Amino acid sequence: MRPAPRKIAVLGAGSWGTTFAKVLADSCANDGTAVQLWARRAEVADEITTRHTNSTYLKETRLPHNVTASDGAAAVLDSAEMVVLAVPAQQLRRQLREVGHLIPAGSVIVSLMKGLERETDARMTEVIAEELSWPQDGIAVVSGPNLAMEIAREEPTASVVACPDEDTAAWIANACSPEYFRPYTNTDLIGVEIGGIVKNVIALAVGICDGRGMGDNTKASVITRGLAETTRLALAVGGQLETMSGLAGLGDLVATCSSPLSRNRSAGRHLGSGLSLDEVNEVMTQTAEGIKSARAVLDRARSVDVEMPITEAVVMVLEGQLTVSDMAERLLGRELKSEGEAS
């Protein structure tokens, strides 16, 4: 295996980008690895470098001293052997067009993003490959139950590093394996990405149920059938069945649908309690990717003839075609059939 990277660049200083920078720095501290974040705002970059905190997103969590930040992308990317992308999914293509030419040739690109691009329905690794003309074995994904605040508090967490090249996946995993973070490797890039994308939409549905005061039976039903929807889409676009029963499938789905720390569940709960979509966007301090990606997920499913009734209902709520009070009735009023059939 190649030696540990001497420098890692993380583009995006939000909660997950900053937390993953901490994971990397804790893992590679003894190797002399420098981890540098690109923050859009100079004051955030200065706080990370001088105080070793990012209070906007992680409160008073202390960051390792080998984590620094800059608001200059060129400085952050200079000589980086691993480039971690942690920007909002719908901004990725624009960001790559701005800074992609600064990414060193031969570096490994790691995506932390969980979304489909609207209009193109492209996965994030597809956007990366297209915009940068990057080889597939140099692009990877980190996914799984990744609630940033829990990981920042160093609560034990397992995750998945997916890359078509096993050696590259193992190299990345070795660079992000402090005592509290256990990465497993996987070559099913497509399945891992689809699991991370669709779970956000299902979490919106669970949150809506929660906001409407529905019980655990209802939410368990949505989670279970949501996994079935996710699996159908993943298999239709080239993912593997085993991935859906693992950390990037079931594990991420359960965490995102169950935790009060989940942005997508919280956004759904606000919708279920009666807030409009505009009001939800106002009260949410961070991006709920399910809101942005739901339409793209449904369009992708329709393009491969996959039925996704929960996703369809969420999209109808988001687009004003269905009220939250009618959502449960729509789902439960479907034609009776075997559990093994499409929902």
# chains A, B, ... in the order shown; residues from 1 in each chain; ligands from 1
>>> closest_atom_pairs(of="range 113-137 of chain A", to="range 80-88 of chain A", cutoff="9 Å", atoms="only C-alpha atoms", output="Markdown table")
| residue | atom | partner | partner_atom | distance |
| --- | --- | --- | --- | --- |
| A:Met113 | CA | A:Ala86 | CA | 5.9 |
| A:Lys114 | CA | A:Pro88 | CA | 8.6 |
| A:Gly115 | CA | A:Pro88 | CA | 8.4 |
>>> residues_around(residues="Gln90 in chain A", least_positions_apart="5", cutoff="10 Å", atoms="only C-alpha atoms", output="PyMOL selection string")
chain A and resi 95+113+115-118+124+289+292-293
>>> residues_around(residues="range 251-258 of chain A", least_positions_apart="5", cutoff="7 Å", atoms="only C-alpha atoms", output="NGL selection string")
:A and (144-145 or 196 or 199 or 203 or 206 or 246 or 265)
>>> write_last_selection(atoms="all heavy atoms", output="CSV table (one decimal), in the first residue's frame")
chain,number,residue,atom,x,y,z
A,144,GLY,N,-22.5,5.9,4.9
A,144,GLY,CA,-22.9,5.1,6.0
A,144,GLY,C,-23.6,6.0,7.0
A,144,GLY,O,-24.0,7.1,6.7
A,145,PRO,N,-23.8,5.5,8.3
A,145,PRO,CA,-24.4,6.3,9.3
A,145,PRO,C,-23.5,7.4,9.8
A,145,PRO,O,-22.7,7.2,10.7
A,145,PRO,CB,-24.8,5.3,10.4
A,145,PRO,CG,-23.8,4.2,10.2
A,145,PRO,CD,-23.6,4.1,8.7
A,196,GLY,N,-26.9,6.3,0.1
A,196,GLY,CA,-26.8,7.5,0.8
A,196,GLY,C,-27.7,8.6,0.2
A,196,GLY,O,-28.1,9.6,0.9
A,199,LYS,N,-31.9,7.5,1.1
A,199,LYS,CA,-32.3,7.5,2.6
A,199,LYS,C,-32.7,8.9,3.0
A,199,LYS,O,-33.5,9.1,3.9
A,199,LYS,CB,-31.1,7.0,3.4
A,199,LYS,CG,-29.8,7.7,3.3
A,199,LYS,CD,-29.6,8.8,4.3
A,199,LYS,CE,-28.3,9.6,4.1
A,199,LYS,NZ,-28.0,10.6,5.1
A,203,ALA,N,-36.1,9.7,4.9
A,203,ALA,CA,-36.1,10.4,6.2
A,203,ALA,C,-37.0,11.6,6.2
A,203,ALA,O,-37.6,11.9,7.2
A,203,ALA,CB,-34.7,10.9,6.5
A,206,VAL,N,-40.4,10.0,6.9
A,206,VAL,CA,-40.4,9.6,8.4
A,206,VAL,C,-40.7,10.9,9.2
A,206,VAL,O,-41.5,10.9,10.1
A,206,VAL,CB,-39.2,8.9,8.8
A,206,VAL,CG1,-39.2,8.7,10.3
A,206,VAL,CG2,-39.1,7.5,8.1
A,246,GLY,N,-26.2,-3.5,4.3
A,246,GLY,CA,-25.0,-3.1,5.0
A,246,GLY,C,-25.1,-1.7,5.6
A,246,GLY,O,-26.1,-1.0,5.6
A,265,ARG,N,-34.7,14.3,8.5
A,265,ARG,CA,-35.8,14.0,9.4
A,265,ARG,C,-36.4,15.3,10.0
A,265,ARG,O,-37.6,15.4,10.1
A,265,ARG,CB,-35.3,13.0,10.5
A,265,ARG,CG,-36.4,12.6,11.5
A,265,ARG,CD,-35.9,11.6,12.5
A,265,ARG,NE,-36.8,11.3,13.5
A,265,ARG,CZ,-36.9,11.9,14.7
A,265,ARG,NH1,-36.1,12.9,15.0
A,265,ARG,NH2,-37.8,11.4,15.6
>>> residues_around(residues="range 46-63 of chain A", least_positions_apart="2", cutoff="10 Å", atoms="only C-alpha atoms", output="CSV table (one decimal) with all heavy atoms, in the first residue's frame")
chain,number,residue,atom,x,y,z
A,13,ALA,N,-16.3,23.4,4.7
A,13,ALA,CA,-16.1,23.5,6.2
A,13,ALA,C,-17.4,23.5,6.9
A,13,ALA,O,-17.5,24.1,8.0
A,13,ALA,CB,-15.3,24.7,6.5
A,14,GLY,N,-18.4,22.8,6.4
A,14,GLY,CA,-19.7,22.6,7.2
A,14,GLY,C,-19.5,21.5,8.2
A,14,GLY,O,-18.3,21.1,8.6
A,15,SER,N,-20.6,21.0,8.8
A,15,SER,CA,-20.5,20.1,9.9
A,15,SER,C,-19.8,18.8,9.5
A,15,SER,O,-18.9,18.3,10.2
A,15,SER,CB,-21.9,19.8,10.5
A,15,SER,OG,-22.7,19.3,9.5
A,16,TRP,N,-20.2,18.2,8.4
A,16,TRP,CA,-19.6,16.9,8.0
A,16,TRP,C,-18.2,17.1,7.4
A,16,TRP,O,-17.3,16.3,7.7
A,16,TRP,CB,-20.5,16.2,7.0
A,16,TRP,CG,-20.1,14.8,6.6
A,16,TRP,CD1,-20.3,14.2,5.4
A,16,TRP,CD2,-19.4,13.8,7.4
A,16,TRP,NE1,-19.9,12.9,5.3
A,16,TRP,CE2,-19.3,12.6,6.6
A,16,TRP,CE3,-18.9,13.7,8.7
A,16,TRP,CZ2,-18.7,11.4,7.0
A,16,TRP,CZ3,-18.3,12.5,9.1
A,16,TRP,CH2,-18.2,11.4,8.3
A,18,THR,N,-16.0,19.4,8.3
A,18,THR,CA,-15.1,19.6,9.4
A,18,THR,C,-14.9,18.4,10.2
A,18,THR,O,-13.8,18.1,10.7
A,18,THR,CB,-15.7,20.8,10.2
A,18,THR,OG1,-15.9,21.9,9.4
A,18,THR,CG2,-14.7,21.2,11.3
A,19,THR,N,-16.0,17.7,10.5
A,19,THR,CA,-15.9,16.4,11.3
A,19,THR,C,-15.0,15.4,10.6
A,19,THR,O,-14.1,14.8,11.2
A,19,THR,CB,-17.3,15.8,11.5
A,19,THR,OG1,-18.1,16.7,12.3
A,19,THR,CG2,-17.2,14.5,12.2
A,21,ALA,N,-12.6,16.0,8.5
A,21,ALA,CA,-11.2,16.6,8.6
A,21,ALA,C,-10.6,16.1,10.0
A,21,ALA,O,-9.5,15.8,10.1
A,21,ALA,CB,-11.2,18.1,8.5
A,22,LYS,N,-11.4,16.2,11.0
A,22,LYS,CA,-11.0,15.8,12.4
A,22,LYS,C,-10.7,14.3,12.4
A,22,LYS,O,-9.7,13.8,12.9
A,22,LYS,CB,-12.1,16.1,13.4
A,22,LYS,CG,-11.8,15.6,14.8
A,22,LYS,CD,-12.9,15.9,15.8
A,22,LYS,CE,-12.6,15.5,17.2
A,22,LYS,NZ,-11.9,14.3,17.5
A,23,VAL,N,-11.5,13.5,11.7
A,23,VAL,CA,-11.3,12.0,11.6
A,23,VAL,C,-10.0,11.8,11.0
A,23,VAL,O,-9.1,11.0,11.4
A,23,VAL,CB,-12.5,11.4,10.9
A,23,VAL,CG1,-12.1,9.9,10.5
A,23,VAL,CG2,-13.7,11.4,11.7
A,25,ALA,N,-7.4,13.8,10.6
A,25,ALA,CA,-6.3,14.3,11.4
A,25,ALA,C,-6.0,13.5,12.6
A,25,ALA,O,-4.8,13.2,12.9
A,25,ALA,CB,-6.6,15.8,11.8
A,26,ASP,N,-7.0,13.0,13.2
A,26,ASP,CA,-6.8,12.1,14.4
A,26,ASP,C,-6.1,10.8,13.9
A,26,ASP,O,-5.3,10.2,14.6
A,26,ASP,CB,-8.1,11.8,15.1
A,26,ASP,CG,-8.6,12.9,15.9
A,26,ASP,OD1,-7.8,13.7,16.3
A,26,ASP,OD2,-9.8,13.0,16.2
A,36,GLN,N,-6.1,20.2,5.6
A,36,GLN,CA,-6.5,21.7,5.5
A,36,GLN,C,-7.9,21.8,4.8
A,36,GLN,O,-8.2,21.1,3.8
A,36,GLN,CB,-5.5,22.4,4.6
A,36,GLN,CG,-5.7,23.9,4.6
A,36,GLN,CD,-4.5,24.7,4.1
A,36,GLN,OE1,-3.7,24.2,3.3
A,36,GLN,NE2,-4.3,25.9,4.6
A,37,LEU,N,-8.7,22.6,5.5
A,37,LEU,CA,-10.1,22.8,5.0
A,37,LEU,C,-10.1,24.1,4.2
A,37,LEU,O,-9.5,25.1,4.5
A,37,LEU,CB,-11.0,23.0,6.2
A,37,LEU,CG,-11.4,21.7,7.0
A,37,LEU,CD1,-11.6,22.0,8.5
A,37,LEU,CD2,-12.7,21.1,6.4
A,39,ALA,N,-12.7,26.9,3.5
A,39,ALA,CA,-13.9,27.6,4.0
A,39,ALA,C,-14.2,28.8,3.2
A,39,ALA,O,-13.3,29.6,2.9
A,39,ALA,CB,-13.7,28.0,5.5
A,41,ARG,N,-15.9,31.4,4.0
A,41,ARG,CA,-15.8,32.6,4.8
A,41,ARG,C,-14.5,32.7,5.6
A,41,ARG,O,-14.1,31.8,6.3
A,41,ARG,CB,-16.9,32.7,5.8
A,41,ARG,CG,-18.3,32.9,5.2
A,41,ARG,CD,-19.4,33.0,6.2
A,41,ARG,NE,-19.7,31.8,6.9
A,41,ARG,CZ,-20.1,31.7,8.1
A,41,ARG,NH1,-20.2,32.8,8.9
A,41,ARG,NH2,-20.3,30.5,8.7
A,42,ALA,N,-13.8,33.8,5.4
A,42,ALA,CA,-12.5,34.0,6.0
A,42,ALA,C,-12.5,33.9,7.6
A,42,ALA,O,-11.6,33.3,8.2
A,42,ALA,CB,-11.9,35.4,5.7
A,43,GLU,N,-13.6,34.3,8.2
A,43,GLU,CA,-13.7,34.3,9.7
A,43,GLU,C,-13.8,32.8,10.1
A,43,GLU,O,-13.3,32.5,11.2
A,43,GLU,CB,-14.9,35.1,10.2
A,43,GLU,CG,-16.2,34.7,9.7
A,43,GLU,CD,-16.7,35.3,8.4
A,43,GLU,OE1,-15.8,35.8,7.6
A,43,GLU,OE2,-17.9,35.4,8.2
A,44,VAL,N,-14.4,31.9,9.4
A,44,VAL,CA,-14.5,30.5,9.7
A,44,VAL,C,-13.1,29.9,9.6
A,44,VAL,O,-12.7,29.1,10.5
A,44,VAL,CB,-15.5,29.8,8.8
A,44,VAL,CG1,-15.5,28.3,9.1
A,44,VAL,CG2,-16.9,30.3,9.1
A,65,HIS,N,-4.5,19.8,16.1
A,65,HIS,CA,-3.7,20.9,15.7
A,65,HIS,C,-3.2,20.7,14.3
A,65,HIS,O,-2.7,21.7,13.7
A,65,HIS,CB,-2.5,21.1,16.7
A,65,HIS,CG,-2.9,21.7,18.0
A,65,HIS,ND1,-2.9,23.1,18.1
A,65,HIS,CD2,-3.4,21.3,19.2
A,65,HIS,CE1,-3.3,23.5,19.3
A,65,HIS,NE2,-3.6,22.3,20.0
A,66,ASN,N,-3.2,19.5,13.7
A,66,ASN,CA,-2.8,19.4,12.3
A,66,ASN,C,-4.0,19.7,11.4
A,66,ASN,O,-3.9,19.4,10.2
A,66,ASN,CB,-2.2,18.0,12.1
A,66,ASN,CG,-3.1,16.9,12.5
A,66,ASN,OD1,-3.9,17.0,13.5
A,66,ASN,ND2,-3.0,15.7,11.8
A,67,VAL,N,-5.1,20.3,11.9
A,67,VAL,CA,-6.2,20.8,11.0
A,67,VAL,C,-6.0,22.3,11.0
A,67,VAL,O,-6.1,23.0,12.0
A,67,VAL,CB,-7.5,20.4,11.6
A,67,VAL,CG1,-8.6,21.1,10.7
A,67,VAL,CG2,-7.8,18.9,11.5
A,68,THR,N,-5.9,22.8,9.7
A,68,THR,CA,-5.9,24.2,9.5
A,68,THR,C,-7.0,24.5,8.4
A,68,THR,O,-7.5,23.6,7.8
A,68,THR,CB,-4.5,24.8,9.1
A,68,THR,OG1,-4.1,24.1,7.9
A,68,THR,CG2,-3.5,24.5,10.2
A,69,ALA,N,-7.2,25.8,8.1
A,69,ALA,CA,-8.1,26.2,7.1
A,69,ALA,C,-7.7,27.5,6.4
A,69,ALA,O,-6.9,28.3,6.9
A,69,ALA,CB,-9.5,26.4,7.7
A,70,SER,N,-8.3,27.7,5.2
A,70,SER,CA,-8.0,28.9,4.4
A,70,SER,C,-9.2,29.1,3.6
A,70,SER,O,-10.0,28.2,3.2
A,70,SER,CB,-6.8,28.7,3.5
A,70,SER,OG,-6.6,29.8,2.6
A,71,ASP,N,-9.4,30.4,3.2
A,71,ASP,CA,-10.5,30.7,2.3
A,71,ASP,C,-10.0,30.8,0.9
A,71,ASP,O,-10.7,31.2,0.0
A,71,ASP,CB,-11.2,32.1,2.7
A,71,ASP,CG,-10.3,33.3,2.7
A,71,ASP,OD1,-9.0,33.1,2.6
A,71,ASP,OD2,-10.8,34.4,2.6
A,148,ALA,N,-22.8,13.8,11.9
A,148,ALA,CA,-21.6,14.5,12.1
A,148,ALA,C,-21.3,14.8,13.6
A,148,ALA,O,-20.2,14.6,14.1
A,148,ALA,CB,-21.5,15.8,11.3
A,149,MET,N,-22.3,15.3,14.3
A,149,MET,CA,-22.1,15.7,15.7
A,149,MET,C,-21.7,14.5,16.6
A,149,MET,O,-20.9,14.6,17.5
A,149,MET,CB,-23.4,16.3,16.3
A,149,MET,CG,-23.2,17.2,17.5
A,149,MET,SD,-22.1,18.6,17.1
A,149,MET,CE,-21.0,18.7,18.4
A,152,ALA,N,-18.1,13.8,15.7
A,152,ALA,CA,-17.2,14.8,16.3
A,152,ALA,C,-17.0,14.6,17.8
A,152,ALA,O,-16.0,15.0,18.4
A,152,ALA,CB,-17.9,16.2,16.1
A,153,ARG,N,-18.1,14.0,18.5
A,153,ARG,CA,-17.9,13.7,19.9
A,153,ARG,C,-17.2,12.4,20.2
A,153,ARG,O,-17.1,12.0,21.3
A,153,ARG,CB,-19.3,13.7,20.6
A,153,ARG,CG,-20.1,15.0,20.6
A,153,ARG,CD,-21.3,14.9,21.5
A,153,ARG,NE,-22.3,14.0,21.1
A,153,ARG,CZ,-23.5,14.4,20.6
A,153,ARG,NH1,-23.8,15.7,20.4
A,153,ARG,NH2,-24.4,13.5,20.2
A,285,THR,N,-30.7,25.5,9.4
A,285,THR,CA,-29.4,26.2,9.3
A,285,THR,C,-28.5,25.5,8.3
A,285,THR,O,-27.5,26.1,7.9
A,285,THR,CB,-28.7,26.3,10.7
A,285,THR,OG1,-28.6,25.0,11.2
A,285,THR,CG2,-29.6,27.2,11.6
A,286,GLN,N,-28.8,24.3,8.0
A,286,GLN,CA,-27.9,23.5,7.0
A,286,GLN,C,-28.8,22.9,6.0
A,286,GLN,O,-30.0,22.7,6.1
A,286,GLN,CB,-27.1,22.4,7.8
A,286,GLN,CG,-26.2,23.0,8.8
A,286,GLN,CD,-25.3,21.9,9.4
A,286,GLN,OE1,-24.5,21.3,8.7
A,286,GLN,NE2,-25.5,21.7,10.7
>>> residues_around(residues="Leu331 in chain A", least_positions_apart="4", cutoff="9 Å", atoms="only C-alpha atoms", output="list in words")
Pro309, Ile310, Ala313, Asp326 and Met327 of chain A
>>> select_by_dssp(residues="range 25-220 of chain A", states="alpha helix (DSSP H)", output="ChimeraX atom specification")
/A:25-28,42-50,55-58,73-77,92-99,124-132,148-152,166-175,189-211,216-220
>>> closest_residue(among="A:Asp165, A:Glu179, A:Glu279, A:Asp137", to="Ser27 in chain A", atoms="only C-alpha atoms")
A:Glu179
>>> closest_residue(among="A:Thr311, A:Ile151, A:Glu329, A:Phe181", to="Ile223 in chain A", atoms="only C-alpha atoms")
A:Thr311
>>> residues_around(residues="His270 in chain A", least_positions_apart="4", cutoff="7 Å", atoms="only C-alpha atoms", output="JSON list (two decimals) with all heavy atoms, in the first residue's frame")
[["chain", "number", "residue", "atom", "x", "y", "z"],
["A", 211, "GLY", "N", -43.98, 14.59, 12.46],
["A", 211, "GLY", "CA", -44.62, 15.88, 12.63],
["A", 211, "GLY", "C", -46.13, 15.80, 12.70],
["A", 211, "GLY", "O", -46.78, 16.64, 13.33],
["A", 266, "SER", "N", -35.50, 16.17, 10.41],
["A", 266, "SER", "CA", -35.95, 17.43, 11.02],
["A", 266, "SER", "C", -36.75, 18.26, 10.02],
["A", 266, "SER", "O", -37.80, 18.83, 10.37],
["A", 266, "SER", "CB", -34.75, 18.23, 11.53],
["A", 266, "SER", "OG", -34.08, 17.55, 12.56],
["A", 274, "GLY", "N", -46.75, 21.48, 9.84],
["A", 274, "GLY", "CA", -47.54, 22.53, 9.22],
["A", 274, "GLY", "C", -46.77, 23.66, 8.58],
["A", 274, "GLY", "O", -47.37, 24.56, 7.98],
["A", 275, "LEU", "N", -45.44, 23.65, 8.66],
["A", 275, "LEU", "CA", -44.67, 24.70, 8.01],
["A", 275, "LEU", "C", -44.65, 24.50, 6.50],
["A", 275, "LEU", "O", -44.67, 23.37, 6.01],
["A", 275, "LEU", "CB", -43.23, 24.71, 8.52],
["A", 275, "LEU", "CG", -42.98, 25.04, 10.00],
["A", 275, "LEU", "CD1", -41.48, 25.17, 10.26],
["A", 275, "LEU", "CD2", -43.71, 26.30, 10.42],
["A", 280, "VAL", "N", -39.66, 26.07, 6.12],
["A", 280, "VAL", "CA", -38.69, 25.05, 6.52],
["A", 280, "VAL", "C", -37.28, 25.48, 6.13],
["A", 280, "VAL", "O", -36.34, 25.37, 6.92],
["A", 280, "VAL", "CB", -39.02, 23.68, 5.89],
["A", 280, "VAL", "CG1", -37.88, 22.68, 6.12],
["A", 280, "VAL", "CG2", -40.32, 23.14, 6.47]]
>>> residues_around(residues="Val222 in chain A", least_positions_apart="4", cutoff="9 Å", atoms="only C-alpha atoms", output="VMD selection string")
chain A and resid 202 to 203 205 to 206 209 217 to 218 226 to 227 310
>>> write_last_selection(atoms="N, CA and C atoms", output="PDB file, in the first residue's frame")
ATOM      1  N   ILE A 202     -36.373   9.215   2.162  1.00  0.00           N
ATOM      2  CA  ILE A 202     -37.171   8.407   3.086  1.00  0.00           C
ATOM      3  C   ILE A 202     -37.214   9.072   4.466  1.00  0.00           C
ATOM      4  N   ALA A 203     -36.102   9.681   4.878  1.00  0.00           N
ATOM      5  CA  ALA A 203     -36.077  10.382   6.162  1.00  0.00           C
ATOM      6  C   ALA A 203     -37.038  11.563   6.172  1.00  0.00           C
ATOM      7  N   ALA A 205     -39.875  11.562   4.633  1.00  0.00           N
ATOM      8  CA  ALA A 205     -41.182  10.926   4.839  1.00  0.00           C
ATOM      9  C   ALA A 205     -41.387  10.550   6.299  1.00  0.00           C
ATOM     10  N   VAL A 206     -40.353   9.988   6.934  1.00  0.00           N
ATOM     11  CA  VAL A 206     -40.449   9.622   8.354  1.00  0.00           C
ATOM     12  C   VAL A 206     -40.651  10.870   9.200  1.00  0.00           C
ATOM     13  N   CYS A 209     -44.210  12.020   9.012  1.00  0.00           N
ATOM     14  CA  CYS A 209     -45.033  11.182   9.895  1.00  0.00           C
ATOM     15  C   CYS A 209     -44.879  11.607  11.357  1.00  0.00           C
ATOM     16  N   ASN A 217     -45.146   2.395  14.699  1.00  0.00           N
ATOM     17  CA  ASN A 217     -45.550   1.424  13.682  1.00  0.00           C
ATOM     18  C   ASN A 217     -45.508   2.054  12.295  1.00  0.00           C
ATOM     19  N   THR A 218     -46.052   3.270  12.209  1.00  0.00           N
ATOM     20  CA  THR A 218     -46.079   3.968  10.928  1.00  0.00           C
ATOM     21  C   THR A 218     -44.665   4.225  10.428  1.00  0.00           C
ATOM     22  N   GLY A 226     -39.193   1.880   2.604  1.00  0.00           N
ATOM     23  CA  GLY A 226     -38.212   2.774   1.997  1.00  0.00           C
ATOM     24  C   GLY A 226     -36.944   2.037   1.612  1.00  0.00           C
ATOM     25  N   LEU A 227     -36.537   1.072   2.436  1.00  0.00           N
ATOM     26  CA  LEU A 227     -35.373   0.254   2.093  1.00  0.00           C
ATOM     27  C   LEU A 227     -35.654  -0.557   0.837  1.00  0.00           C
ATOM     28  N   ILE A 310     -43.142   5.946  -1.999  1.00  0.00           N
ATOM     29  CA  ILE A 310     -42.840   6.866  -0.897  1.00  0.00           C
ATOM     30  C   ILE A 310     -42.127   8.098  -1.446  1.00  0.00           C
TER      31      ILE A 310
END
>>> select_by_dssp(residues="range 77-276 of chain A", states="strand (DSSP E or B)", output="list in words")
Met82, Val83, Val84, Leu85, Val108, Ile109, Val110, Ser111, Leu116, Arg123, Ile139, Ala140, Val141, Val142, Ser143, Thr157, Ala158, Ser159, Val160, Val161, Ala162, Phe181, Arg182, Pro183, Tyr184, Thr185 and Asn186 of chain A
>>> closest_residue(among="A:Gly195, A:Pro135, A:Gly268, A:Pro5", to="Gly207 in chain A", atoms="only C-alpha atoms")
A:Gly268
>>> atom_distance(atom1="CA of Ala4 in chain A", atom2="CA of Asp31 in chain A")
6.8 Å
>>> closest_residue(among="A:Arg269, A:Ala29, A:Val192, A:Val297", to="Ser245 in chain A", atoms="only C-alpha atoms")
A:Val192
>>> closest_residue(among="A:Ala122, A:Leu11, A:Leu204, A:Leu147", to="Leu96 in chain A", atoms="only C-alpha atoms")
A:Leu11
>>> atom_distance(atom1="CA of Gly72 in chain A", atom2="CA of Ile139 in chain A")
23.2 Å
